[in-house]
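Listing of data15.cif; format and content: mmCIF, C-alpha atoms; chains and numbers go by the auth columns.
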```
data_protein
#
loop_
_atom_site.group_PDB
_atom_site.id
_atom_site.type_symbol
_atom_site.label_atom_id
_atom_site.label_comp_id
_atom_site.label_asym_id
_atom_site.label_seq_id
_atom_site.Cartn_x
_atom_site.Cartn_y
_atom_site.Cartn_z
_atom_site.B_iso_or_equiv
_atom_site.auth_seq_id
_atom_site.auth_asym_id
ATOM 1 C CA MET A 1 209.405 -57.791 125.017 0.00 1 A
ATOM 2 C CA SER A 2 212.208 -56.476 127.154 0.00 2 A
ATOM 3 C CA GLU A 3 213.164 -58.119 130.377 0.00 3 A
ATOM 4 C CA ILE A 4 215.972 -58.014 132.872 0.00 4 A
ATOM 5 C CA ARG A 5 217.048 -60.629 135.365 0.00 5 A
ATOM 6 C CA LEU A 6 217.481 -59.715 139.007 0.00 6 A
ATOM 7 C CA LYS A 7 220.984 -60.342 140.194 0.00 7 A
ATOM 8 C CA LYS A 8 221.452 -62.059 143.526 0.00 8 A
ATOM 9 C CA GLY A 9 221.047 -59.509 146.316 0.00 9 A
ATOM 10 C CA GLU A 10 220.262 -56.637 143.907 0.00 10 A
ATOM 11 C CA PRO A 11 217.825 -54.005 145.209 0.00 11 A
ATOM 12 C CA ILE A 12 214.591 -53.535 143.279 0.00 12 A
ATOM 13 C CA ASP A 13 215.206 -49.834 142.647 0.00 13 A
ATOM 14 C CA LYS A 14 218.525 -50.616 140.949 0.00 14 A
ATOM 15 C CA ALA A 15 216.841 -53.252 138.771 0.00 15 A
ATOM 16 C CA LEU A 16 214.118 -50.761 137.819 0.00 16 A
ATOM 17 C CA ARG A 17 216.799 -48.251 136.857 0.00 17 A
ATOM 18 C CA ARG A 18 218.427 -50.878 134.595 0.00 18 A
ATOM 19 C CA LEU A 19 215.034 -51.674 133.032 0.00 19 A
ATOM 20 C CA LYS A 20 214.310 -47.997 132.344 0.00 20 A
ATOM 21 C CA LYS A 21 217.705 -47.538 130.703 0.00 21 A
ATOM 22 C CA LYS A 22 217.137 -50.609 128.542 0.00 22 A
ATOM 23 C CA LEU A 23 213.693 -49.396 127.463 0.00 23 A
ATOM 24 C CA ASP A 24 215.129 -45.982 126.671 0.00 24 A
ATOM 25 C CA ARG A 25 217.922 -47.477 124.544 0.00 25 A
ATOM 26 C CA GLU A 26 215.430 -49.606 122.622 0.00 26 A
ATOM 27 C CA GLY A 27 213.117 -46.637 122.024 0.00 27 A
ATOM 28 C CA ILE A 28 210.068 -48.349 123.514 0.00 28 A
ATOM 29 C CA LEU A 29 209.105 -45.414 125.743 0.00 29 A
ATOM 30 C CA ARG A 30 209.150 -43.044 122.775 0.00 30 A
ATOM 31 C CA ILE A 31 206.837 -45.359 120.822 0.00 31 A
ATOM 32 C CA VAL A 32 204.419 -45.658 123.754 0.00 32 A
ATOM 33 C CA ARG A 33 204.318 -41.898 124.230 0.00 33 A
ATOM 34 C CA ASN A 34 203.681 -41.355 120.525 0.00 34 A
ATOM 35 C CA HIS A 35 200.733 -43.766 120.624 0.00 35 A
ATOM 36 C CA ARG A 36 199.011 -42.141 123.608 0.00 36 A
ATOM 37 C CA HIS A 37 197.047 -39.791 121.344 0.00 37 A
ATOM 38 C CA TYR A 38 196.071 -39.992 117.704 0.00 38 A
ATOM 39 C CA GLU A 39 198.284 -37.910 115.469 0.00 39 A
ATOM 40 C CA LYS A 40 196.909 -36.775 112.147 0.00 40 A
ATOM 41 C CA PRO A 41 199.068 -37.614 109.121 0.00 41 A
ATOM 42 C CA SER A 42 199.581 -33.898 108.428 0.00 42 A
ATOM 43 C CA GLU A 43 200.810 -33.369 112.016 0.00 43 A
ATOM 44 C CA ARG A 44 203.151 -36.350 111.711 0.00 44 A
ATOM 45 C CA ARG A 45 204.548 -34.973 108.441 0.00 45 A
ATOM 46 C CA ARG A 46 205.002 -31.502 109.973 0.00 46 A
ATOM 47 C CA ARG A 47 206.797 -32.970 113.019 0.00 47 A
ATOM 48 C CA LYS A 48 209.126 -35.036 110.845 0.00 48 A
ATOM 49 C CA GLU A 49 209.911 -32.035 108.613 0.00 49 A
ATOM 50 C CA LYS A 50 210.709 -29.946 111.684 0.00 50 A
ATOM 51 C CA ALA A 51 213.065 -32.646 113.008 0.00 51 A
ATOM 52 C CA ALA A 52 214.737 -32.897 109.597 0.00 52 A
ATOM 53 C CA ARG A 53 215.267 -29.111 109.458 0.00 53 A
ATOM 54 C CA PHE A 54 216.793 -29.178 112.930 0.00 54 A
ATOM 55 C CA ALA A 55 219.130 -32.066 112.023 0.00 55 A
ATOM 56 C CA ALA A 56 220.160 -30.296 108.808 0.00 56 A
ATOM 57 C CA MET A 57 220.879 -27.118 110.767 0.00 57 A
ATOM 58 C CA LEU A 58 223.081 -29.033 113.208 0.00 58 A
ATOM 59 C CA ASN A 59 224.906 -30.796 110.375 0.00 59 A
ATOM 60 C CA ALA A 60 225.538 -27.474 108.633 0.00 60 A
ATOM 61 C CA ARG A 61 226.725 -25.853 111.843 0.00 61 A
ATOM 62 C CA TYR A 62 229.235 -28.568 112.680 0.00 62 A
ATOM 63 C CA ALA A 63 230.331 -29.243 109.085 0.00 63 A
ATOM 64 C CA GLU A 64 232.144 -25.905 108.926 0.00 64 A
ATOM 65 C CA MET A 65 234.276 -26.692 111.994 0.00 65 A
#
```

What does the file become when written as structure tokens?
Amino acid sequence: MSEIRLKKGEPIDKALRRLKKKLDREGILRIVRNHRHYEKPSERRRRKEKAARFAAMLNARYAEM
């Protein structure tokens, strides 16, 4: 469970911004979004393969530099 401590005299909106950044760094928002709807195993596999192809393409593109 992530938490932040309010600093003395810190505005709430600034504390919320720090919390959102922390959640983003920890990947919690991504996990919550992925669990909003059921994803079939075949869809999960297809999504992971697509991400792997994209990463491989980027690695190949920048390896020749």

(211.7, -54.7, 138.1) in this file's frame - what residues fall within 9 Å of it? Use all atoms listed in the file and give the answer as a PyMOL selection string. chain A and resi 3-6+12-19

Just-selected residues, C-alpha atoms written as a CSV table (one decimal), keeping the file's coordinate frame:
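Below is the file out01.csv, written as the result:
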```csv
chain,number,residue,atom,x,y,z
A,3,GLU,CA,213.2,-58.1,130.4
A,4,ILE,CA,216.0,-58.0,132.9
A,5,ARG,CA,217.0,-60.6,135.4
A,6,LEU,CA,217.5,-59.7,139.0
A,12,ILE,CA,214.6,-53.5,143.3
A,13,ASP,CA,215.2,-49.8,142.6
A,14,LYS,CA,218.5,-50.6,140.9
A,15,ALA,CA,216.8,-53.3,138.8
A,16,LEU,CA,214.1,-50.8,137.8
A,17,ARG,CA,216.8,-48.3,136.9
A,18,ARG,CA,218.4,-50.9,134.6
A,19,LEU,CA,215.0,-51.7,133.0
```

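If you look at CA of Glu26 in chain A and CA of Ala60 in chain A, they are 28.1 Å away from each other.
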
Point-to-point distance from CA of Lys21 in chain A to CA of Phe54 in chain A, Å rounded to tenths: 25.6 Å

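The space separating CA of Pro11 in chain A from CA of Arg25 in chain A comes to 21.7 Å.
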
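Distance check against Ile28 in chain A using all atoms listed in the file: of A:Met65, A:Met57, A:Met1, A:Ala52, the minimum falls on A:Met1.
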